[in-house]
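Peer 1: Following this line is final.cif, made up of mmCIF, C-alpha atoms:
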```cif
data_run
#
loop_
_atom_site.group_PDB
_atom_site.id
_atom_site.type_symbol
_atom_site.label_atom_id
_atom_site.label_comp_id
_atom_site.auth_asym_id
_atom_site.auth_seq_id
_atom_site.Cartn_x
_atom_site.Cartn_y
_atom_site.Cartn_z
ATOM 1 C CA MET A 212 14.643 24.530 -15.221
ATOM 2 C CA GLU A 213 13.014 23.569 -18.512
ATOM 3 C CA LEU A 214 15.492 25.808 -20.302
ATOM 4 C CA ILE A 215 18.436 23.928 -18.800
ATOM 5 C CA ASN A 216 16.858 20.618 -19.802
ATOM 6 C CA ARG A 217 16.409 21.864 -23.389
ATOM 7 C CA ALA A 218 20.053 22.959 -23.453
ATOM 8 C CA LEU A 219 21.265 19.587 -22.193
ATOM 9 C CA GLU A 220 19.054 17.797 -24.721
ATOM 10 C CA PHE A 221 20.476 19.977 -27.507
ATOM 11 C CA GLU A 222 23.972 19.060 -26.372
ATOM 12 C CA GLN A 223 23.232 15.334 -26.683
ATOM 13 C CA ARG A 224 21.925 15.474 -30.260
ATOM 14 C CA LYS A 225 23.757 13.741 -33.064
ATOM 15 C CA MET A 226 25.457 16.260 -35.330
ATOM 16 C CA ARG A 227 26.417 13.994 -38.213
ATOM 17 C CA SER A 228 25.416 14.126 -41.867
ATOM 18 C CA LEU A 229 23.401 17.314 -41.577
ATOM 19 C CA SER A 230 22.180 19.346 -44.506
ATOM 20 C CA THR A 231 22.988 23.026 -44.734
ATOM 21 C CA SER A 232 19.485 24.018 -43.665
ATOM 22 C CA ASP A 233 19.756 21.703 -40.642
ATOM 23 C CA ARG A 234 23.024 23.376 -39.669
ATOM 24 C CA VAL A 235 21.448 26.824 -39.947
ATOM 25 C CA LYS A 236 18.521 25.735 -37.750
ATOM 26 C CA LEU A 237 20.871 24.209 -35.166
ATOM 27 C CA SER A 238 23.034 27.314 -35.119
ATOM 28 C CA ARG A 239 20.011 29.555 -34.551
ATOM 29 C CA GLU A 240 18.638 27.248 -31.864
ATOM 30 C CA ALA A 241 22.004 27.217 -30.080
ATOM 31 C CA LYS A 242 22.172 31.014 -30.200
ATOM 32 C CA ALA A 243 18.660 31.319 -28.768
ATOM 33 C CA LEU A 244 19.462 28.862 -25.967
ATOM 34 C CA ILE A 245 22.683 30.695 -25.105
ATOM 35 C CA LEU A 246 20.920 34.061 -24.969
ATOM 36 C CA ASP A 247 18.077 32.676 -22.821
ATOM 37 C CA LEU A 248 20.541 31.008 -20.458
ATOM 38 C CA ASN A 249 22.451 34.265 -20.237
ATOM 39 C CA GLN A 250 19.321 36.050 -18.997
ATOM 40 C CA VAL A 251 18.931 33.424 -16.269
ATOM 41 C CA TYR A 252 22.643 33.622 -15.441
ATOM 42 C CA LYS A 253 22.449 37.392 -14.937
ATOM 43 C CA VAL A 254 19.931 36.823 -12.149
ATOM 44 C CA LYS A 255 21.201 33.632 -10.496
ATOM 45 C CA LYS A 256 24.995 33.808 -11.086
ATOM 46 C CA ASP A 257 25.161 29.999 -11.091
ATOM 47 C CA ASP A 258 28.436 28.562 -12.405
ATOM 48 C CA LYS A 259 26.640 25.494 -13.795
ATOM 49 C CA ILE A 260 24.675 27.720 -16.145
ATOM 50 C CA MET A 261 27.899 29.356 -17.311
ATOM 51 C CA ASP A 262 29.423 25.934 -18.013
ATOM 52 C CA ILE A 263 26.393 24.947 -20.114
ATOM 53 C CA MET A 264 26.636 28.206 -22.068
ATOM 54 C CA LYS A 265 30.330 27.592 -22.752
ATOM 55 C CA ARG A 266 29.682 24.059 -24.040
ATOM 56 C CA LEU A 267 26.845 25.275 -26.268
ATOM 57 C CA THR A 268 29.087 28.016 -27.631
ATOM 58 C CA VAL A 269 31.702 25.435 -28.625
ATOM 59 C CA ILE A 270 29.046 23.392 -30.448
ATOM 60 C CA LYS A 271 27.697 26.531 -32.145
ATOM 61 C CA ARG A 272 31.172 27.546 -33.325
ATOM 62 C CA LYS A 273 31.775 24.087 -34.810
ATOM 63 C CA ILE A 274 28.487 24.246 -36.700
ATOM 64 C CA GLU A 275 29.211 27.746 -37.992
ATOM 65 C CA LYS A 276 32.745 26.818 -39.028
ATOM 66 C CA ARG A 277 31.296 24.003 -41.114
ATOM 67 C CA LEU A 278 28.690 26.368 -42.602
ATOM 68 C CA LYS A 279 31.243 28.966 -43.629
ATOM 69 C CA GLY A 280 33.649 26.389 -44.991
ATOM 70 C CA ARG A 281 37.285 26.005 -44.176
ATOM 71 C CA LEU A 282 39.462 28.933 -45.133
#
```
Write the structure described by the file as structure tokens, please.
Peer 2:
Amino acid sequence: MELINRALEFEQRKMRSLSTSDRVKLSREAKALILDLNQVYKVKKDDKIMDIMKRLTVIKRKIEKRLKGRL
């Protein structure tokens, strides 16, 4: 349950005017949360957990796109 609360808190954070190191930290934190939620999902098969993972993945992709620069 604490893991879900951490994921929801991460989702609510402001993502504006971040430095590169902040983006790297956020990307790594998002990845860790997604992997931890995935372990819980494998056991419980709860659709709410899957929805949280999908939303976190979207946030993570946006952060990584900004890190890599626009091509």
Peer 1: Selection in question (the file shown): the PyMOL selection byres ((chain A and resi 243) around 12). Which residues does it include, as a list in words?
Peer 2: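 Selected by the PyMOL selection byres ((chain A and resi 243) around 12) here: Leu214, Arg217, Ala218, Phe221, Lys236, Leu237, Ser238, Arg239, Glu240, Ala241, Lys242, Leu244, Ile245, Leu246, Asp247, Leu248, Asn249, Gln250, Met264, Leu267, Thr268 and Lys271 of chain A.
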Peer 1: Just checking: using all atoms listed in the file, which residue out of A:Lys265, A:Arg277, A:Lys259, A:Arg272 ends up closest to Ser228 (chain A)?
Peer 2: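 The closest residue to Ser228 (chain A) is A:Arg277.
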Peer 1: Work out how far apart CA of Asn216 (chain A) and CA of Val251 (chain A) are and give it in Å to one decimal.
Peer 2: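 Rounded to one decimal, the two atoms are 13.4 Å apart.
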Peer 1: I need the residue nearest Glu275 (chain A) from this list: A:Leu219, A:Val235, A:Met226, A:Met212. Use only C-alpha atoms for the distance.
Peer 2: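 For Glu275 (chain A), the nearest of the candidates is A:Val235.
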Peer 1: Please, what distance in Å, to one decimal, runs between CA of Ser232 (chain A) and CA of Ile215 (chain A)?
Peer 2: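 Separating CA of Ser232 (chain A) from CA of Ile215 (chain A) is a distance of 24.9 Å.
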Peer 1: Check the smallest atom-to-atom distance from each of A:Ile263, A:Arg234, A:Gly280, A:Lys273 to Glu222 (chain A) using only C-alpha atoms, then report the winner.
Peer 2: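 Looking only at the distances to Glu222 (chain A), the closest residue turns out to be A:Ile263.
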Peer 1: Between CA of Arg266 (chain A) and CA of Arg224 (chain A), what is the distance in Å, rounded to a tenth?
Peer 2: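 Pair CA of Arg266 (chain A) / CA of Arg224 (chain A) returns 13.1 Å.
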